[in-house]
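Take a look at the structure below.
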Amino acid sequence: MPAWGEVLQEIGQIENGGDPNALDTVRRRYLAQLSAKTGRTTIVYYSAWVSTQQNSPLYSINDDDKVGFMQACHKVEKGAGLDLILHTPGGSVSAAESIVDYLKKIYLGDIRVIVPQIAMSAGTMIACAARSIVMGKQSNLGPIDPHVNGLPAYGVIDEFERAVRESTHSPGAARMWQTIIGKYHPTFLSSCEHAIELSKEIVKRWLEEEMFAAEPKRKSMANKVVAALSSRDHNREHGRHIHAERCIEIGLKVEALEADPVLQDLVLTVHHACTHTLTFGNVAKLIENHLGATYIRRVGVPH
């Protein structure tokens, strides 16, 4: 299968041949081939946050995405299970919960998540709702550190705790911190604490219901994963990249993408085609199934 540059070259050749929709043509062809290989319904969920380097709600998991998933799940085989290919910085915990609950009902919990590159925060939460996660050497999950009003909840709590410590020992520091902390709404700290507890509760439930459903010690296994993915001491920052080896170490059920070279080639080719669509198609968000049903949010275009 073609590499990143070869996919781009293929798109250019098709475009030069007179197809103005070359990005769609190439992406959909390889997505259909991937589904044919696995025999499963296949949906991609892609955000352009990596190529744009923007921290905007447009690129994050949100309630608008439900419409895209409803379209992607329409007229597809429900009994064959779902392969969900994720590339996202995360976003709303509540939106992620709603999307997962919908997909679990549609596919009776038979969901496998494939992470070709990165699925962070609420994207990691969604991955934990799967029966297994396919990851390659280049793949990463992240801490389940929710965002509240666009800010990482753990970061806000750390800032408050540091303000208390430094203000206690230095009156001068108290004046500085008053200016910094004053930008937050009085109930904002509580909102962050509640968001963290909610994300941990949701992930624990999903792990027990799906990935560890057949395990006698599913509760303790789920607790171990949640503790690792929500550990401030270990993860340090919201953007910490967690590789496949670490995911296996904390107890997640991870399938090595490299174990099946044909699957690996198809997944990475689909990934390249999707990232080209995001980069050259002015696309902020892409949700699409293997039959070509597509939901697109374009940069600068109102929904």
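Each chain in the structure tokens gets a letter, A, B, ..., in the order shown, and its residues are numbered from 1; ligands are numbered from 1 in order too.
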Mind running range 52-122 of chain A against range 127-137 of chain A at 9 Å and telling me each contacting residue's nearest atom pair with the distance in Å (one decimal), counting only C-alpha atoms, chain and number ascending, as CSV?
```
residue,atom,partner,partner_atom,distance
A:Leu84,CA,A:Ala127,CA,8.9
A:Leu86,CA,A:Ala127,CA,8.2
A:Val100,CA,A:Ala129,CA,7.1
A:Lys104,CA,A:Ala129,CA,8.6
A:Gly109,CA,A:Ala130,CA,7.5
A:Asp110,CA,A:Arg131,CA,6.8
A:Ile111,CA,A:Ala130,CA,5.0
A:Arg112,CA,A:Ala130,CA,5.1
A:Val113,CA,A:Ile133,CA,4.9
A:Ile114,CA,A:Val134,CA,4.6
A:Val115,CA,A:Met135,CA,5.5
A:Pro116,CA,A:Met135,CA,6.5
A:Gln117,CA,A:Gly136,CA,8.0
A:Ala119,CA,A:Ala127,CA,7.9
A:Ala122,CA,A:Ala127,CA,8.7
```
Please write the residues from the selection above to a file, keeping N, CA and C atoms, as an mmCIF file, in the first residue's frame.
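Produced file again.cif, reproduced below:
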```
data_model
loop_
_atom_site.group_PDB
_atom_site.id
_atom_site.type_symbol
_atom_site.label_atom_id
_atom_site.label_comp_id
_atom_site.auth_asym_id
_atom_site.auth_seq_id
_atom_site.Cartn_x
_atom_site.Cartn_y
_atom_site.Cartn_z
ATOM 1 N N LEU A 84 -13.922 1.645 14.690
ATOM 2 C CA LEU A 84 -13.940 3.106 14.748
ATOM 3 C C LEU A 84 -12.503 3.612 14.747
ATOM 4 N N LEU A 86 -10.003 6.502 15.167
ATOM 5 C CA LEU A 86 -10.016 7.771 15.900
ATOM 6 C C LEU A 86 -8.737 8.570 15.700
ATOM 7 N N VAL A 100 -20.737 7.430 22.589
ATOM 8 C CA VAL A 100 -20.442 6.028 22.909
ATOM 9 C C VAL A 100 -21.721 5.264 23.236
ATOM 10 N N LYS A 104 -22.809 2.000 21.180
ATOM 11 C CA LYS A 104 -22.944 0.729 21.891
ATOM 12 C C LYS A 104 -24.322 0.112 21.630
ATOM 13 N N GLY A 109 -22.423 -3.189 21.481
ATOM 14 C CA GLY A 109 -21.158 -3.197 22.211
ATOM 15 C C GLY A 109 -19.977 -3.752 21.443
ATOM 16 N N ASP A 110 -20.217 -4.280 20.232
ATOM 17 C CA ASP A 110 -19.124 -4.880 19.456
ATOM 18 C C ASP A 110 -18.349 -3.782 18.724
ATOM 19 N N ILE A 111 -17.519 -3.083 19.462
ATOM 20 C CA ILE A 111 -16.761 -1.948 18.925
ATOM 21 C C ILE A 111 -15.271 -2.184 19.153
ATOM 22 N N ARG A 112 -14.514 -2.003 18.096
ATOM 23 C CA ARG A 112 -13.058 -2.007 18.195
ATOM 24 C C ARG A 112 -12.577 -0.625 17.758
ATOM 25 N N VAL A 113 -11.705 -0.027 18.549
ATOM 26 C CA VAL A 113 -11.168 1.285 18.206
ATOM 27 C C VAL A 113 -9.767 1.118 17.627
ATOM 28 N N ILE A 114 -9.512 1.812 16.523
ATOM 29 C CA ILE A 114 -8.203 1.804 15.880
ATOM 30 C C ILE A 114 -7.615 3.202 15.981
ATOM 31 N N VAL A 115 -6.405 3.293 16.510
ATOM 32 C CA VAL A 115 -5.740 4.590 16.685
ATOM 33 C C VAL A 115 -4.479 4.602 15.821
ATOM 34 N N PRO A 116 -4.561 5.157 14.609
ATOM 35 C CA PRO A 116 -3.375 5.190 13.745
ATOM 36 C C PRO A 116 -2.291 6.134 14.250
ATOM 37 N N GLN A 117 -2.710 7.213 14.952
ATOM 38 C CA GLN A 117 -1.723 8.171 15.438
ATOM 39 C C GLN A 117 -2.035 8.637 16.860
ATOM 40 N N ALA A 119 -5.232 9.654 19.839
ATOM 41 C CA ALA A 119 -6.576 9.876 20.366
ATOM 42 C C ALA A 119 -6.399 10.277 21.823
ATOM 43 N N ALA A 122 -10.791 12.927 25.849
ATOM 44 C CA ALA A 122 -12.075 12.252 25.637
ATOM 45 C C ALA A 122 -11.987 11.232 24.511
#
```
Exercise for the section: Please return as JSON, numbers by chain: the residues of range 60-124 of chain A that backbone DSSP assigns to strand (DSSP E). Expected result: {"A": [82, 83, 84, 85, 86, 87, 111, 112, 113, 114, 115, 118, 119]}
Selection to disk with N, CA and C atoms, as a compact mmCIF listing (two decimals), in the first residue's frame:
```txt
# COMPACT_ATOMS: atom_id res chain seq x y z
N LEU A 82 -18.32 -2.85 14.71
CA LEU A 82 -17.81 -1.56 14.25
C LEU A 82 -16.33 -1.43 14.54
N ASP A 83 -15.58 -1.02 13.51
CA ASP A 83 -14.21 -0.54 13.69
C ASP A 83 -14.26 0.98 13.60
N LEU A 84 -13.92 1.64 14.69
CA LEU A 84 -13.94 3.11 14.75
C LEU A 84 -12.50 3.61 14.75
N ILE A 85 -12.14 4.35 13.70
CA ILE A 85 -10.78 4.87 13.56
C ILE A 85 -10.76 6.29 14.12
N LEU A 86 -10.00 6.50 15.17
CA LEU A 86 -10.02 7.77 15.90
C LEU A 86 -8.74 8.57 15.70
N HIS A 87 -8.92 9.87 15.47
CA HIS A 87 -7.80 10.82 15.43
C HIS A 87 -8.35 12.13 15.98
N ILE A 111 -17.52 -3.08 19.46
CA ILE A 111 -16.76 -1.95 18.92
C ILE A 111 -15.27 -2.18 19.15
N ARG A 112 -14.51 -2.00 18.10
CA ARG A 112 -13.06 -2.01 18.19
C ARG A 112 -12.58 -0.62 17.76
N VAL A 113 -11.70 -0.03 18.55
CA VAL A 113 -11.17 1.29 18.21
C VAL A 113 -9.77 1.12 17.63
N ILE A 114 -9.51 1.81 16.52
CA ILE A 114 -8.20 1.80 15.88
C ILE A 114 -7.61 3.20 15.98
N VAL A 115 -6.41 3.29 16.51
CA VAL A 115 -5.74 4.59 16.68
C VAL A 115 -4.48 4.60 15.82
N ILE A 118 -3.07 9.45 17.04
CA ILE A 118 -3.34 10.02 18.37
C ILE A 118 -4.84 10.08 18.64
N ALA A 119 -5.23 9.65 19.84
CA ALA A 119 -6.58 9.88 20.37
C ALA A 119 -6.40 10.28 21.82
```
Exercise for the section: Name the residues in contact with Cys274 in chain A at a cut-off of 10 Å, using only C-alpha atoms, excluding same-chain residues fewer than 2 positions from it; report them as a list of chain:residue names. Expected result: A:Leu23, A:Asp24, A:Val26, A:Arg27, A:Arg28, A:Leu31, A:Val44, A:Tyr45, A:Tyr46, A:Ser47, A:Ala48, A:His87, A:Leu268, A:Thr269, A:Val270, A:His271, A:His272, A:His276, A:Thr277, A:Leu278, A:Thr279, A:Gly281, A:Val283, A:Leu286, A:Ile287, A:Glu288
Since we have the selection now, will you write its residues out, keeping N, CA, C and O atoms, as a short mmCIF file (atom, residue, chain, number, x, y, z; two decimals), in the first residue's frame?
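again-v5.cif, written as the output of this step:
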```cif
data_model
loop_
_atom_site.label_atom_id
_atom_site.label_comp_id
_atom_site.auth_asym_id
_atom_site.auth_seq_id
_atom_site.Cartn_x
_atom_site.Cartn_y
_atom_site.Cartn_z
N LEU A 23 -9.59 13.95 -3.55
CA LEU A 23 -9.39 13.65 -2.13
C LEU A 23 -10.43 12.63 -1.65
O LEU A 23 -10.08 11.65 -0.97
N ASP A 24 -11.68 12.87 -2.01
CA ASP A 24 -12.77 11.97 -1.61
C ASP A 24 -12.63 10.62 -2.30
O ASP A 24 -12.84 9.56 -1.68
N VAL A 26 -9.99 8.96 -3.45
CA VAL A 26 -8.91 8.13 -2.92
C VAL A 26 -9.25 7.66 -1.51
O VAL A 26 -9.10 6.47 -1.17
N ARG A 27 -9.70 8.56 -0.67
CA ARG A 27 -10.00 8.21 0.73
C ARG A 27 -11.07 7.13 0.81
O ARG A 27 -10.94 6.15 1.56
N ARG A 28 -12.13 7.31 0.06
CA ARG A 28 -13.24 6.36 0.11
C ARG A 28 -12.85 5.00 -0.45
O ARG A 28 -13.34 3.97 0.04
N LEU A 31 -10.86 3.26 2.29
CA LEU A 31 -11.72 2.96 3.43
C LEU A 31 -12.61 1.75 3.12
O LEU A 31 -12.82 0.88 3.98
N VAL A 44 -14.51 6.46 10.18
CA VAL A 44 -13.39 7.30 10.61
C VAL A 44 -13.94 8.54 11.30
O VAL A 44 -14.96 9.10 10.89
N TYR A 45 -13.26 8.94 12.37
CA TYR A 45 -13.57 10.21 13.06
C TYR A 45 -12.25 10.97 13.17
O TYR A 45 -11.36 10.59 13.94
N TYR A 46 -12.13 12.03 12.36
CA TYR A 46 -10.86 12.75 12.26
C TYR A 46 -11.04 14.24 12.54
O TYR A 46 -12.01 14.86 12.07
N SER A 47 -10.09 14.78 13.28
CA SER A 47 -10.03 16.22 13.54
C SER A 47 -8.71 16.77 13.01
O SER A 47 -7.68 16.08 13.04
N ALA A 48 -8.74 18.03 12.55
CA ALA A 48 -7.56 18.65 11.94
C ALA A 48 -6.72 19.43 12.95
O ALA A 48 -5.94 20.28 12.56
N HIS A 87 -8.92 9.87 15.47
CA HIS A 87 -7.80 10.82 15.43
C HIS A 87 -8.35 12.13 15.98
O HIS A 87 -8.97 12.90 15.24
N LEU A 268 -3.03 2.52 7.71
CA LEU A 268 -2.15 3.68 7.55
C LEU A 268 -2.44 4.43 6.26
O LEU A 268 -2.32 5.66 6.20
N THR A 269 -2.83 3.71 5.21
CA THR A 269 -3.19 4.38 3.96
C THR A 269 -4.46 5.20 4.15
O THR A 269 -4.56 6.34 3.67
N VAL A 270 -5.45 4.64 4.84
CA VAL A 270 -6.66 5.41 5.18
C VAL A 270 -6.28 6.64 6.00
O VAL A 270 -6.79 7.74 5.77
N HIS A 271 -5.39 6.45 6.96
CA HIS A 271 -4.94 7.57 7.80
C HIS A 271 -4.30 8.66 6.95
O HIS A 271 -4.62 9.86 7.11
N HIS A 272 -3.42 8.28 6.04
CA HIS A 272 -2.77 9.27 5.17
C HIS A 272 -3.81 10.00 4.32
O HIS A 272 -3.76 11.23 4.17
N HIS A 276 -4.63 14.03 4.49
CA HIS A 276 -4.55 14.87 3.29
C HIS A 276 -5.86 15.63 3.10
O HIS A 276 -5.86 16.80 2.69
N THR A 277 -6.97 14.98 3.37
CA THR A 277 -8.27 15.65 3.26
C THR A 277 -8.35 16.82 4.23
O THR A 277 -8.81 17.91 3.87
N LEU A 278 -7.90 16.61 5.47
CA LEU A 278 -7.92 17.68 6.46
C LEU A 278 -7.03 18.83 6.03
O LEU A 278 -7.39 20.01 6.16
N THR A 279 -5.84 18.51 5.53
CA THR A 279 -4.85 19.53 5.21
C THR A 279 -5.20 20.31 3.96
O THR A 279 -5.12 21.55 3.95
N GLY A 281 -8.17 20.01 2.08
CA GLY A 281 -9.59 20.18 1.78
C GLY A 281 -10.29 21.21 2.64
O GLY A 281 -11.52 21.31 2.62
N VAL A 283 -10.77 21.18 5.78
CA VAL A 283 -11.68 20.41 6.63
C VAL A 283 -11.21 20.43 8.07
O VAL A 283 -10.04 20.18 8.36
N LEU A 286 -13.98 15.38 10.14
CA LEU A 286 -14.44 14.41 9.14
C LEU A 286 -14.97 13.17 9.84
O LEU A 286 -14.28 12.56 10.65
N ILE A 287 -16.22 12.81 9.52
CA ILE A 287 -16.81 11.55 9.98
C ILE A 287 -17.35 10.86 8.73
O ILE A 287 -18.17 11.43 8.00
N GLU A 288 -16.91 9.63 8.49
CA GLU A 288 -17.27 8.96 7.24
C GLU A 288 -17.27 7.45 7.42
O GLU A 288 -16.44 6.91 8.16
#
```
Exercise for the section: May I ask for the distance between CA of Arg205 in chain A and CA of Gly81 in chain A, given in Å to one decimal place? Expected result: 20.4 Å
Handout entry: Coordinates-based distance that separates CA of Tyr102 in chain A from CA of Asp64 in chain A (Å, one decimal)
Key = 13.6 Å
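You will find CA of Ala284 in chain A at 22.3 Å from CA of Leu103 in chain A.
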